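So this one's coords11.cif, mmCIF, N, CA and C atoms and all ligand atoms:
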data_final
#
loop_
_atom_site.label_atom_id
_atom_site.label_comp_id
_atom_site.auth_asym_id
_atom_site.auth_seq_id
_atom_site.Cartn_x
_atom_site.Cartn_y
_atom_site.Cartn_z
N MET T 136 56.75 24.67 -76.60
CA MET T 136 55.67 25.17 -75.76
C MET T 136 55.84 24.66 -74.33
N LYS T 137 55.63 25.54 -73.42
CA LYS T 137 55.77 25.18 -72.01
C LYS T 137 54.62 24.26 -71.59
N ASP T 138 54.99 23.20 -70.98
CA ASP T 138 53.96 22.28 -70.49
C ASP T 138 53.43 22.79 -69.16
N SER T 139 52.22 23.33 -69.22
CA SER T 139 51.69 23.91 -67.99
C SER T 139 50.52 23.10 -67.45
N ARG T 140 50.48 21.86 -67.86
CA ARG T 140 49.37 21.04 -67.37
C ARG T 140 49.47 20.83 -65.88
N PHE T 141 48.35 20.84 -65.26
CA PHE T 141 48.32 20.63 -63.82
C PHE T 141 47.73 19.27 -63.54
N ARG T 142 48.44 18.52 -62.76
CA ARG T 142 47.92 17.21 -62.40
C ARG T 142 47.35 17.27 -60.99
N ASP T 143 46.09 17.08 -60.89
CA ASP T 143 45.45 17.12 -59.58
C ASP T 143 45.95 15.92 -58.76
N GLU T 144 46.60 16.23 -57.66
CA GLU T 144 47.10 15.15 -56.82
C GLU T 144 46.03 14.66 -55.85
N ASN T 145 44.82 15.10 -56.12
CA ASN T 145 43.69 14.70 -55.28
C ASN T 145 43.92 14.98 -53.80
N LYS T 146 44.55 16.10 -53.55
CA LYS T 146 44.79 16.46 -52.14
C LYS T 146 43.51 16.96 -51.51
N ARG T 147 43.39 16.67 -50.23
CA ARG T 147 42.29 17.21 -49.45
C ARG T 147 42.82 18.32 -48.57
N LEU T 148 41.94 19.20 -48.17
CA LEU T 148 42.37 20.30 -47.33
C LEU T 148 43.06 19.77 -46.07
N SER T 149 42.56 18.66 -45.57
CA SER T 149 43.12 18.11 -44.34
C SER T 149 44.56 17.61 -44.53
N ASP T 150 44.98 17.43 -45.78
CA ASP T 150 46.37 17.04 -46.01
C ASP T 150 47.32 18.15 -45.58
N PHE T 151 46.80 19.35 -45.41
CA PHE T 151 47.65 20.48 -45.05
C PHE T 151 47.48 20.90 -43.59
N TYR T 152 46.77 20.09 -42.84
CA TYR T 152 46.45 20.46 -41.45
C TYR T 152 47.63 20.34 -40.48
N ARG T 153 48.62 19.57 -40.85
CA ARG T 153 49.67 19.26 -39.90
C ARG T 153 50.44 20.46 -39.39
N GLU T 154 50.65 21.42 -40.29
CA GLU T 154 51.41 22.61 -39.90
C GLU T 154 50.71 23.83 -40.48
N ILE T 155 50.22 24.68 -39.60
CA ILE T 155 49.46 25.83 -40.05
C ILE T 155 50.20 27.11 -39.69
N TRP T 156 50.44 27.94 -40.67
CA TRP T 156 51.10 29.21 -40.41
C TRP T 156 50.07 30.24 -39.96
N VAL T 157 50.35 30.86 -38.82
CA VAL T 157 49.41 31.84 -38.27
C VAL T 157 50.16 33.09 -37.82
N HIS T 158 49.40 34.13 -37.51
CA HIS T 158 49.98 35.31 -36.90
C HIS T 158 50.12 35.04 -35.40
N CYS T 159 51.28 35.30 -34.86
CA CYS T 159 51.50 35.10 -33.43
C CYS T 159 50.56 36.00 -32.64
N PRO T 160 49.84 35.46 -31.68
CA PRO T 160 48.91 36.28 -30.88
C PRO T 160 49.67 37.33 -30.06
N ALA T 161 50.97 37.12 -29.84
CA ALA T 161 51.74 38.06 -29.02
C ALA T 161 52.40 39.16 -29.86
N CYS T 162 53.05 38.79 -30.96
CA CYS T 162 53.83 39.79 -31.71
C CYS T 162 53.37 39.97 -33.16
N GLU T 163 52.37 39.20 -33.61
CA GLU T 163 51.84 39.32 -34.97
C GLU T 163 52.75 38.74 -36.05
N GLU T 164 53.94 38.31 -35.68
CA GLU T 164 54.82 37.71 -36.69
C GLU T 164 54.38 36.27 -36.96
N LYS T 165 55.19 35.55 -37.71
CA LYS T 165 54.81 34.21 -38.11
C LYS T 165 54.98 33.20 -36.97
N ALA T 166 53.92 32.47 -36.72
CA ALA T 166 53.98 31.38 -35.75
C ALA T 166 53.43 30.13 -36.42
N ILE T 167 53.75 29.01 -35.85
CA ILE T 167 53.28 27.76 -36.45
C ILE T 167 52.43 26.97 -35.46
N ALA T 168 51.26 26.63 -35.93
CA ALA T 168 50.35 25.83 -35.11
C ALA T 168 50.34 24.41 -35.64
N SER T 169 50.37 23.48 -34.74
CA SER T 169 50.31 22.09 -35.16
C SER T 169 49.50 21.29 -34.16
N ALA T 170 49.00 20.19 -34.61
CA ALA T 170 48.22 19.34 -33.71
C ALA T 170 48.73 17.91 -33.83
N ASP T 171 48.86 17.28 -32.70
CA ASP T 171 49.32 15.90 -32.67
C ASP T 171 48.18 15.03 -32.17
N THR T 172 47.71 14.18 -33.05
CA THR T 172 46.53 13.39 -32.68
C THR T 172 46.86 12.27 -31.71
N VAL T 173 48.13 11.90 -31.64
CA VAL T 173 48.50 10.82 -30.73
C VAL T 173 48.50 11.32 -29.29
N SER T 174 49.21 12.44 -29.07
CA SER T 174 49.25 12.99 -27.70
C SER T 174 48.05 13.89 -27.43
N LYS T 175 47.23 14.12 -28.46
CA LYS T 175 46.05 14.99 -28.36
C LYS T 175 46.40 16.39 -27.85
N THR T 176 47.50 16.91 -28.36
CA THR T 176 47.86 18.27 -27.99
C THR T 176 48.04 19.11 -29.24
N ALA T 177 47.61 20.35 -29.11
CA ALA T 177 47.85 21.32 -30.17
C ALA T 177 48.86 22.31 -29.62
N ARG T 178 49.75 22.78 -30.50
CA ARG T 178 50.81 23.65 -30.05
C ARG T 178 50.95 24.82 -31.02
N LEU T 179 51.24 25.97 -30.44
CA LEU T 179 51.51 27.14 -31.26
C LEU T 179 52.87 27.69 -30.83
N VAL T 180 53.77 27.83 -31.79
CA VAL T 180 55.10 28.32 -31.47
C VAL T 180 55.46 29.45 -32.42
N CYS T 181 55.86 30.59 -31.85
CA CYS T 181 56.22 31.73 -32.68
C CYS T 181 57.68 31.62 -33.10
N THR T 182 57.95 31.91 -34.36
CA THR T 182 59.31 31.82 -34.86
C THR T 182 60.10 33.09 -34.53
N GLN T 183 59.41 34.13 -34.09
CA GLN T 183 60.09 35.40 -33.81
C GLN T 183 60.31 35.64 -32.32
N CYS T 184 59.23 35.64 -31.55
CA CYS T 184 59.36 36.04 -30.15
C CYS T 184 59.39 34.85 -29.20
N GLY T 185 59.23 33.67 -29.73
CA GLY T 185 59.31 32.49 -28.87
C GLY T 185 58.04 32.19 -28.09
N HIS T 186 57.02 33.02 -28.30
CA HIS T 186 55.74 32.78 -27.64
C HIS T 186 55.27 31.36 -27.95
N ASN T 187 54.85 30.65 -26.94
CA ASN T 187 54.27 29.35 -27.25
C ASN T 187 53.12 28.99 -26.35
N GLN T 188 52.20 28.28 -26.92
CA GLN T 188 50.97 27.88 -26.23
C GLN T 188 50.73 26.42 -26.50
N GLU T 189 50.09 25.80 -25.58
CA GLU T 189 49.75 24.40 -25.80
C GLU T 189 48.35 24.17 -25.26
N CYS T 190 47.60 23.34 -25.91
CA CYS T 190 46.30 22.99 -25.36
C CYS T 190 45.91 21.60 -25.79
N SER T 191 44.91 21.09 -25.17
CA SER T 191 44.45 19.76 -25.52
C SER T 191 43.51 19.84 -26.71
N THR T 192 43.61 18.87 -27.58
CA THR T 192 42.69 18.85 -28.72
C THR T 192 41.38 18.17 -28.31
N GLY T 193 41.34 17.69 -27.10
CA GLY T 193 40.12 17.03 -26.63
C GLY T 193 40.04 15.61 -27.15
N ASP T 194 38.95 14.99 -26.86
CA ASP T 194 38.81 13.59 -27.22
C ASP T 194 38.12 13.37 -28.56
N ALA T 195 37.81 14.45 -29.21
CA ALA T 195 37.08 14.33 -30.47
C ALA T 195 37.78 13.39 -31.43
N SER T 196 37.05 12.48 -31.98
CA SER T 196 37.64 11.58 -32.97
C SER T 196 37.77 12.33 -34.29
N SER T 197 37.24 13.52 -34.29
CA SER T 197 37.23 14.32 -35.52
C SER T 197 38.44 15.26 -35.57
N ASN T 198 39.50 14.91 -34.85
CA ASN T 198 40.67 15.77 -34.80
C ASN T 198 41.12 16.29 -36.15
N TRP T 199 41.16 15.42 -37.12
CA TRP T 199 41.69 15.82 -38.42
C TRP T 199 40.73 16.68 -39.20
N ILE T 200 39.54 16.84 -38.68
CA ILE T 200 38.58 17.67 -39.38
C ILE T 200 38.85 19.13 -39.06
N MET T 201 39.67 19.35 -38.05
CA MET T 201 39.94 20.70 -37.64
C MET T 201 41.40 21.05 -37.89
N ALA T 202 41.61 22.20 -38.50
CA ALA T 202 42.97 22.67 -38.71
C ALA T 202 43.49 23.23 -37.39
N ALA T 203 44.79 23.06 -37.16
CA ALA T 203 45.38 23.35 -35.85
C ALA T 203 45.18 24.78 -35.35
N HIS T 204 45.10 25.75 -36.27
CA HIS T 204 44.99 27.14 -35.80
C HIS T 204 43.68 27.39 -35.07
N ASN T 205 42.69 26.56 -35.32
CA ASN T 205 41.39 26.75 -34.68
C ASN T 205 41.44 26.53 -33.16
N PHE T 206 42.44 25.80 -32.72
CA PHE T 206 42.56 25.58 -31.28
C PHE T 206 43.01 26.84 -30.56
N PHE T 207 43.57 27.78 -31.32
CA PHE T 207 44.13 28.98 -30.69
C PHE T 207 43.44 30.26 -31.12
N ASP T 208 42.45 30.15 -31.96
CA ASP T 208 41.77 31.34 -32.41
C ASP T 208 42.77 32.31 -33.05
N ALA T 209 43.74 31.76 -33.76
CA ALA T 209 44.77 32.60 -34.39
C ALA T 209 44.43 32.85 -35.85
N GLU T 210 44.83 34.01 -36.33
CA GLU T 210 44.58 34.38 -37.73
C GLU T 210 45.59 33.69 -38.64
N LEU T 211 45.12 33.25 -39.79
CA LEU T 211 46.03 32.63 -40.75
C LEU T 211 47.03 33.67 -41.25
N PHE T 212 48.26 33.23 -41.43
CA PHE T 212 49.33 34.12 -41.89
C PHE T 212 49.24 34.34 -43.40
N LEU T 213 48.90 33.29 -44.11
CA LEU T 213 48.84 33.35 -45.57
C LEU T 213 47.39 33.55 -46.02
N LYS T 214 46.93 34.77 -45.85
CA LYS T 214 45.54 35.06 -46.15
C LYS T 214 45.45 36.46 -46.73
N ALA T 215 44.65 36.62 -47.77
CA ALA T 215 44.51 37.95 -48.37
C ALA T 215 43.11 38.11 -48.94
N ASP T 216 42.58 39.31 -48.81
CA ASP T 216 41.26 39.59 -49.37
C ASP T 216 41.29 39.49 -50.87
N PHE T 217 40.25 38.93 -51.42
CA PHE T 217 40.11 38.90 -52.87
C PHE T 217 38.65 39.15 -53.23
N LYS T 218 38.42 40.31 -53.87
CA LYS T 218 37.05 40.71 -54.19
C LYS T 218 36.18 40.60 -52.92
N ASP T 219 35.05 39.93 -53.00
CA ASP T 219 34.22 39.85 -51.79
C ASP T 219 34.49 38.57 -51.00
N SER T 220 35.64 37.96 -51.30
CA SER T 220 36.00 36.75 -50.58
C SER T 220 37.46 36.87 -50.15
N TYR T 221 38.10 35.77 -49.89
CA TYR T 221 39.51 35.83 -49.59
C TYR T 221 40.20 34.54 -50.00
N LEU T 222 41.48 34.68 -50.21
CA LEU T 222 42.30 33.54 -50.56
C LEU T 222 43.13 33.19 -49.33
N PHE T 223 43.29 31.94 -49.06
CA PHE T 223 44.12 31.57 -47.92
C PHE T 223 44.86 30.27 -48.20
N ALA T 224 45.95 30.11 -47.48
CA ALA T 224 46.67 28.84 -47.51
C ALA T 224 47.13 28.55 -46.10
N TYR T 225 47.12 27.29 -45.73
CA TYR T 225 47.52 26.91 -44.38
C TYR T 225 49.04 27.00 -44.19
N ASN T 226 49.75 26.70 -45.25
CA ASN T 226 51.22 26.69 -45.16
C ASN T 226 51.80 26.84 -46.57
N PRO T 227 53.12 26.98 -46.68
CA PRO T 227 53.72 27.19 -48.01
C PRO T 227 53.38 26.08 -49.00
N GLU T 228 53.37 24.87 -48.54
CA GLU T 228 53.04 23.75 -49.44
C GLU T 228 51.66 23.94 -50.07
N HIS T 229 50.73 24.35 -49.23
CA HIS T 229 49.36 24.61 -49.65
C HIS T 229 49.32 25.76 -50.66
N LEU T 230 50.06 26.83 -50.34
CA LEU T 230 50.09 28.01 -51.21
C LEU T 230 50.68 27.66 -52.58
N LEU T 231 51.75 26.89 -52.58
CA LEU T 231 52.40 26.53 -53.83
C LEU T 231 51.52 25.59 -54.67
N TYR T 232 50.78 24.77 -54.00
CA TYR T 232 49.85 23.86 -54.68
C TYR T 232 48.76 24.68 -55.38
N LEU T 233 48.28 25.69 -54.67
CA LEU T 233 47.28 26.58 -55.26
C LEU T 233 47.85 27.34 -56.45
N GLU T 234 49.09 27.82 -56.26
CA GLU T 234 49.73 28.57 -57.34
C GLU T 234 49.86 27.72 -58.59
N LYS T 235 50.30 26.50 -58.39
CA LYS T 235 50.48 25.57 -59.48
C LYS T 235 49.15 25.34 -60.20
N TYR T 236 48.11 25.22 -59.43
CA TYR T 236 46.78 24.96 -59.98
C TYR T 236 46.28 26.16 -60.80
N ILE T 237 46.41 27.34 -60.20
CA ILE T 237 45.90 28.54 -60.87
C ILE T 237 46.73 28.89 -62.10
N ALA T 238 48.04 28.67 -62.02
CA ALA T 238 48.92 29.01 -63.12
C ALA T 238 48.76 28.08 -64.32
N ALA T 239 48.29 26.89 -64.07
CA ALA T 239 48.20 25.89 -65.13
C ALA T 239 47.15 26.25 -66.17
N GLY T 240 47.50 26.10 -67.41
CA GLY T 240 46.55 26.38 -68.47
C GLY T 240 45.56 25.25 -68.62
N LEU T 241 46.08 24.07 -68.52
CA LEU T 241 45.26 22.89 -68.75
C LEU T 241 45.15 22.11 -67.46
N ARG T 242 43.96 21.85 -67.05
CA ARG T 242 43.81 21.17 -65.77
C ARG T 242 43.34 19.74 -65.92
N GLU T 243 44.02 18.89 -65.24
CA GLU T 243 43.62 17.49 -65.27
C GLU T 243 43.04 17.09 -63.93
N HIS T 244 41.86 16.60 -63.98
CA HIS T 244 41.28 16.07 -62.75
C HIS T 244 41.16 14.57 -62.90
N HIS T 245 41.82 13.88 -62.02
CA HIS T 245 41.74 12.43 -62.08
C HIS T 245 40.74 11.93 -61.06
N ASN T 246 40.00 10.96 -61.44
CA ASN T 246 39.10 10.31 -60.49
C ASN T 246 38.36 11.32 -59.62
N ARG T 247 37.60 12.15 -60.24
CA ARG T 247 36.88 13.17 -59.46
C ARG T 247 36.09 12.52 -58.34
N THR T 248 36.29 13.03 -57.16
CA THR T 248 35.61 12.45 -56.01
C THR T 248 34.63 13.43 -55.39
N GLY T 249 34.84 14.72 -55.67
CA GLY T 249 34.01 15.73 -55.03
C GLY T 249 34.54 16.08 -53.65
N PHE T 250 35.64 15.41 -53.27
CA PHE T 250 36.16 15.64 -51.92
C PHE T 250 37.51 16.36 -51.89
N THR T 251 38.18 16.44 -53.03
CA THR T 251 39.48 17.09 -52.98
C THR T 251 39.26 18.58 -52.82
N PHE T 252 40.25 19.24 -52.27
CA PHE T 252 40.01 20.65 -51.97
C PHE T 252 39.95 21.50 -53.23
N LEU T 253 40.59 21.03 -54.31
CA LEU T 253 40.49 21.81 -55.55
C LEU T 253 39.06 21.83 -56.06
N GLU T 254 38.40 20.71 -55.91
CA GLU T 254 37.01 20.63 -56.36
C GLU T 254 36.09 21.45 -55.47
N LYS T 255 36.54 21.69 -54.24
CA LYS T 255 35.70 22.42 -53.30
C LYS T 255 36.02 23.90 -53.22
N LEU T 256 37.03 24.33 -53.94
CA LEU T 256 37.40 25.74 -53.89
C LEU T 256 36.26 26.62 -54.37
N PRO T 257 36.15 27.82 -53.77
CA PRO T 257 35.12 28.75 -54.26
C PRO T 257 35.31 29.00 -55.75
N LYS T 258 34.23 29.37 -56.39
CA LYS T 258 34.20 29.51 -57.84
C LYS T 258 35.27 30.47 -58.38
N PHE T 259 35.55 31.53 -57.60
CA PHE T 259 36.45 32.54 -58.14
C PHE T 259 37.84 31.98 -58.48
N TYR T 260 38.22 30.90 -57.82
CA TYR T 260 39.53 30.31 -58.11
C TYR T 260 39.59 29.73 -59.52
N HIS T 261 38.45 29.33 -60.02
CA HIS T 261 38.42 28.63 -61.30
C HIS T 261 38.17 29.55 -62.49
N GLU T 262 37.86 30.81 -62.21
CA GLU T 262 37.52 31.71 -63.30
C GLU T 262 38.77 32.25 -63.97
N ALA T 263 38.82 32.06 -65.29
CA ALA T 263 40.01 32.42 -66.05
C ALA T 263 40.39 33.89 -65.84
N GLY T 264 39.38 34.76 -65.74
CA GLY T 264 39.64 36.18 -65.60
C GLY T 264 40.33 36.54 -64.28
N ASN T 265 40.25 35.65 -63.32
CA ASN T 265 40.86 35.92 -62.02
C ASN T 265 42.29 35.39 -61.92
N ARG T 266 42.71 34.71 -62.96
CA ARG T 266 44.02 34.06 -62.90
C ARG T 266 45.14 35.03 -62.56
N LYS T 267 45.19 36.13 -63.32
CA LYS T 267 46.28 37.09 -63.12
C LYS T 267 46.26 37.72 -61.73
N PRO T 268 45.11 38.30 -61.32
CA PRO T 268 45.09 38.91 -59.99
C PRO T 268 45.34 37.90 -58.86
N LEU T 269 44.88 36.67 -59.04
CA LEU T 269 45.12 35.66 -57.99
C LEU T 269 46.60 35.32 -57.90
N LEU T 270 47.24 35.20 -59.05
CA LEU T 270 48.67 34.89 -59.05
C LEU T 270 49.47 36.04 -58.44
N ALA T 271 49.01 37.27 -58.69
CA ALA T 271 49.68 38.43 -58.11
C ALA T 271 49.54 38.42 -56.59
N LEU T 272 48.37 38.03 -56.14
CA LEU T 272 48.10 37.96 -54.71
C LEU T 272 48.97 36.87 -54.06
N ILE T 273 49.08 35.75 -54.74
CA ILE T 273 49.90 34.66 -54.23
C ILE T 273 51.37 35.09 -54.17
N ALA T 274 51.80 35.84 -55.19
CA ALA T 274 53.18 36.33 -55.20
C ALA T 274 53.42 37.22 -53.98
N LYS T 275 52.42 38.03 -53.65
CA LYS T 275 52.53 38.93 -52.50
C LYS T 275 52.65 38.12 -51.20
N LEU T 276 51.82 37.09 -51.09
CA LEU T 276 51.86 36.25 -49.89
C LEU T 276 53.19 35.49 -49.79
N LYS T 277 53.69 35.07 -50.94
CA LYS T 277 54.97 34.36 -50.94
C LYS T 277 56.08 35.28 -50.45
N LYS T 278 56.00 36.54 -50.86
CA LYS T 278 57.00 37.50 -50.46
C LYS T 278 56.93 37.73 -48.95
N LYS T 279 55.71 37.88 -48.47
CA LYS T 279 55.48 38.08 -47.04
C LYS T 279 56.04 36.91 -46.24
N ALA T 280 55.89 35.71 -46.81
CA ALA T 280 56.30 34.50 -46.10
C ALA T 280 57.75 34.13 -46.38
N GLY T 281 58.39 34.90 -47.28
CA GLY T 281 59.79 34.59 -47.60
C GLY T 281 59.95 33.32 -48.40
N ILE T 282 58.95 32.99 -49.21
CA ILE T 282 59.04 31.76 -50.03
C ILE T 282 59.60 32.12 -51.40
N LYS T 283 60.70 31.52 -51.76
CA LYS T 283 61.30 31.85 -53.05
C LYS T 283 61.02 30.78 -54.09
N TYR T 284 60.62 29.64 -53.63
CA TYR T 284 60.40 28.51 -54.52
C TYR T 284 59.19 28.72 -55.45
N THR T 285 59.34 28.37 -56.69
CA THR T 285 58.22 28.40 -57.63
C THR T 285 58.02 26.99 -58.18
N PRO T 286 56.82 26.53 -58.15
CA PRO T 286 56.60 25.15 -58.62
C PRO T 286 56.83 25.03 -60.13
ZN ZN T 301 55.54 36.12 -31.52
#
Structure translated into structure tokens:
Amino acid sequence: MKDSRFRDENKRLSDFYREIWVHCPACEEKAIASADTVSKTARLVCTQCGHNQECSTGDASSNWIMAAHNFFDAELFLKADFKDSYLFAYNPEHLLYLEKYIAAGLREHHNRTGFTFLEKLPKFYHEAGNRKPLLALIAKLKKKAGIKYTP
């Protein structure tokens, strides 16, 4: 029998903030937004057309509370409508983590804190009946992003 247990690594959404995949505001292709809390700069660089933007993240001590794409008002690249909501991932790592979670038959939650992003996901992610369509959606996003890796 395939071991499909999922081990919650207790990741928080902010663990994925460092590199955010977005649609380039210039050409709509994939661009990457990142924020550096040391230099207090956020940067957006397009992998296709070379478009790049930079801005200050400001003095907010809450830098890590904000994902980098918010500094540019850019649309997330890994995002798809699902029923009356939507599924999104900040980057491939995030998407694969979600895939692993949804695909798992048996879920292990260690030391529930109420703060990990799995615990905070909208209800539809946890509903067994949504497993298949969600995995299909993730497969579509992976294809769009050119991700071949499967966890
Ligand atoms: Zn571009």
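Environment of ligand ZN 301 (chain T), defined as every protein or nucleic acid residue with an atom within 6 Å of it and counting all atoms listed in the file, comprises Cys159, Pro160, Ala161, Cys162, Glu163, Glu164, Cys181, Thr182, Gln183, Cys184, Gly185 and His186 of chain T.
Of note, atom CA of T:Thr285 and atom CA of T:Pro257 are spaced 23.3 Å apart.
The space between atom CA of T:Thr251 and atom CA of T:Leu148 spans 7.1 Å.
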Please measure the separation of atom CA of T:Glu210 and atom CA of T:Glu254, giving the value in Å to one decimal. 24.4 Å
I need the residues of chain T that end up classed as strand (DSSP E or B) by DSSP on the backbone, written out as a count of residues only. 38
Could you give me, as JSON, numbers by chain, the residues within 5 Å of T:Leu211, counting only N, CA and C atoms and dropping anything in the same chain fewer than 3 positions from it? {"T": [156, 157, 158, 214]}
Between T:Ile155, T:Leu231, T:Ala203, T:Leu213, which has the minimum distance to T:Lys279 (counting only C-alpha atoms)? T:Leu213
Enumerate as a PyMOL selection string all residues of stretch 150-247 of chain T assigned to helix (DSSP H, G or I) by DSSP on the backbone, naming them with the chain letters and numbers the document uses. chain T and resi 150-151+198-200+203-206+227-238
Between T:Lys258, T:Arg178, T:Lys278, T:Arg142, which has the minimum distance to T:Ala209 (counting only C-alpha atoms)? T:Arg178
